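A.B. asks: What follows is run.txt, made up of compact mmCIF, N, CA and C atoms:
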# COMPACT_ATOMS: atom_id res chain seq x y z
N MET A 18 34.13 -12.25 3.86
CA MET A 18 33.00 -12.69 4.64
C MET A 18 31.79 -11.77 4.43
N THR A 19 32.02 -10.49 4.28
CA THR A 19 30.89 -9.59 4.06
C THR A 19 30.24 -9.83 2.70
N ASN A 20 31.01 -10.29 1.72
CA ASN A 20 30.44 -10.58 0.40
C ASN A 20 29.44 -11.72 0.45
N ALA A 21 29.62 -12.65 1.38
CA ALA A 21 28.71 -13.78 1.50
C ALA A 21 27.32 -13.31 1.91
N TYR A 22 27.23 -12.23 2.63
CA TYR A 22 25.94 -11.72 3.09
C TYR A 22 25.28 -10.78 2.09
N GLN A 23 26.01 -10.33 1.10
CA GLN A 23 25.50 -9.34 0.16
C GLN A 23 24.23 -9.79 -0.57
N PRO A 24 24.18 -10.98 -1.17
CA PRO A 24 22.95 -11.38 -1.86
C PRO A 24 21.75 -11.44 -0.92
N ASP A 25 21.96 -11.92 0.30
CA ASP A 25 20.87 -12.01 1.27
C ASP A 25 20.35 -10.62 1.62
N ILE A 26 21.24 -9.68 1.83
CA ILE A 26 20.85 -8.31 2.16
C ILE A 26 20.12 -7.68 0.99
N THR A 27 20.61 -7.88 -0.21
CA THR A 27 19.97 -7.32 -1.40
C THR A 27 18.57 -7.88 -1.56
N ALA A 28 18.41 -9.17 -1.38
CA ALA A 28 17.08 -9.80 -1.49
C ALA A 28 16.14 -9.25 -0.43
N ARG A 29 16.64 -9.09 0.78
CA ARG A 29 15.80 -8.55 1.86
C ARG A 29 15.39 -7.11 1.58
N LEU A 30 16.33 -6.32 1.09
CA LEU A 30 16.01 -4.93 0.76
C LEU A 30 14.99 -4.85 -0.38
N ASP A 31 15.12 -5.71 -1.36
CA ASP A 31 14.14 -5.76 -2.46
C ASP A 31 12.76 -6.13 -1.93
N ASP A 32 12.71 -7.09 -1.01
CA ASP A 32 11.45 -7.50 -0.42
C ASP A 32 10.82 -6.36 0.38
N ILE A 33 11.64 -5.66 1.15
CA ILE A 33 11.14 -4.52 1.93
C ILE A 33 10.62 -3.44 0.99
N ASP A 34 11.33 -3.19 -0.09
CA ASP A 34 10.90 -2.19 -1.06
C ASP A 34 9.55 -2.55 -1.66
N LYS A 35 9.36 -3.83 -2.01
CA LYS A 35 8.07 -4.29 -2.55
C LYS A 35 6.95 -4.11 -1.54
N ARG A 36 7.23 -4.46 -0.29
CA ARG A 36 6.21 -4.33 0.75
C ARG A 36 5.84 -2.87 1.00
N LEU A 37 6.82 -1.99 1.00
CA LEU A 37 6.55 -0.57 1.19
C LEU A 37 5.73 -0.02 0.04
N LYS A 38 6.03 -0.44 -1.18
CA LYS A 38 5.26 -0.01 -2.36
C LYS A 38 3.82 -0.47 -2.24
N GLN A 39 3.62 -1.72 -1.82
CA GLN A 39 2.27 -2.26 -1.66
C GLN A 39 1.50 -1.48 -0.58
N LEU A 40 2.16 -1.21 0.54
CA LEU A 40 1.51 -0.43 1.60
C LEU A 40 1.16 0.97 1.11
N SER A 41 2.04 1.58 0.36
CA SER A 41 1.79 2.90 -0.18
C SER A 41 0.58 2.89 -1.11
N ASP A 42 0.49 1.87 -1.95
CA ASP A 42 -0.66 1.75 -2.85
C ASP A 42 -1.95 1.57 -2.07
N GLU A 43 -1.90 0.76 -1.01
CA GLU A 43 -3.10 0.53 -0.20
C GLU A 43 -3.51 1.81 0.53
N LEU A 44 -2.54 2.55 1.04
CA LEU A 44 -2.86 3.80 1.74
C LEU A 44 -3.43 4.84 0.78
N ASP A 45 -2.95 4.85 -0.45
CA ASP A 45 -3.49 5.77 -1.45
C ASP A 45 -4.93 5.42 -1.80
N LEU A 46 -5.27 4.15 -1.69
CA LEU A 46 -6.61 3.68 -2.04
C LEU A 46 -7.63 4.00 -0.96
N ILE A 47 -7.21 4.11 0.29
CA ILE A 47 -8.14 4.34 1.40
C ILE A 47 -8.96 5.61 1.21
N PRO A 48 -8.37 6.78 0.90
CA PRO A 48 -9.20 7.97 0.71
C PRO A 48 -10.20 7.82 -0.45
N THR A 49 -9.80 7.12 -1.49
CA THR A 49 -10.70 6.90 -2.62
C THR A 49 -11.92 6.10 -2.18
N ILE A 50 -11.70 5.06 -1.40
CA ILE A 50 -12.80 4.24 -0.89
C ILE A 50 -13.68 5.06 0.05
N GLN A 51 -13.05 5.83 0.92
CA GLN A 51 -13.82 6.65 1.87
C GLN A 51 -14.68 7.67 1.13
N ASN A 52 -14.14 8.31 0.12
CA ASN A 52 -14.92 9.28 -0.65
C ASN A 52 -16.09 8.61 -1.36
N GLY A 53 -15.85 7.44 -1.91
CA GLY A 53 -16.93 6.70 -2.56
C GLY A 53 -18.03 6.32 -1.58
N MET A 54 -17.65 5.91 -0.39
CA MET A 54 -18.64 5.55 0.62
C MET A 54 -19.44 6.78 1.06
N ARG A 55 -18.78 7.92 1.18
CA ARG A 55 -19.48 9.15 1.56
C ARG A 55 -20.49 9.55 0.48
N GLN A 56 -20.08 9.44 -0.77
CA GLN A 56 -20.98 9.79 -1.86
C GLN A 56 -22.17 8.84 -1.91
N LYS A 57 -21.91 7.56 -1.72
CA LYS A 57 -22.99 6.57 -1.73
C LYS A 57 -23.95 6.85 -0.58
N SER A 58 -23.41 7.15 0.59
CA SER A 58 -24.24 7.45 1.75
C SER A 58 -25.08 8.70 1.52
N ALA A 59 -24.48 9.72 0.94
CA ALA A 59 -25.21 10.95 0.65
C ALA A 59 -26.32 10.69 -0.38
N ASN A 60 -26.02 9.90 -1.38
CA ASN A 60 -27.03 9.56 -2.40
C ASN A 60 -28.17 8.76 -1.79
N ASN A 61 -27.86 7.85 -0.88
CA ASN A 61 -28.89 7.05 -0.24
C ASN A 61 -29.80 7.90 0.64
N GLN A 62 -29.25 8.94 1.25
CA GLN A 62 -30.05 9.80 2.11
C GLN A 62 -30.99 10.69 1.30
N GLN A 63 -30.63 10.97 0.06
CA GLN A 63 -31.48 11.80 -0.78
C GLN A 63 -32.67 11.04 -1.34
N ILE A 64 -32.57 9.73 -1.39
CA ILE A 64 -33.64 8.91 -1.99
C ILE A 64 -34.81 8.80 -1.06
Step by step, read the file and then write its structure as C-alpha cells.

C.D. replies:
Amino acid sequence: MTNAYQPDITARLDDIDKRLKQLSDELDLIPTIQNGMRQKSANNQQI
C-alpha cells in the first residue's frame, strides 16, 4: 500500500523543489533590482 503513494510523493517533492528553486532565484534578484534602483536614483539626483 505504501508503494501506491510513492509516485505521488515523488512528484510532489519534485514540485516543491522546483518552487523553492524559483523562490530562491527571485530572492537573489531582489538585491540586484534594489541596487539598480538606488544607482538610478542617485544618477537622477546628480542631473

A.B. asks: Just how far from atom CA of Ile50 of chain A is atom CA of Asp32 of chain A, in Å to one decimal?

C.D. replies: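 Straight-line distance from atom CA of Asp32 of chain A to atom CA of Ile50 of chain A works out to 26.9 Å.
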
A.B. asks: Just give me the gap between atom C of Asn60 of chain A and atom CA of Leu44 of chain A in Å, one decimal is fine.

C.D. replies: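 Calculated distance between atom C of Asn60 of chain A and atom CA of Leu44 of chain A is 26.0 Å.
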
A.B. asks: Quick check, in Å to one decimal: how far apart do atom CA of Asp31 of chain A and atom N of Glu43 of chain A lie?

C.D. replies: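 Atom-to-atom, atom CA of Asp31 of chain A and atom N of Glu43 of chain A are spaced 17.4 Å apart.
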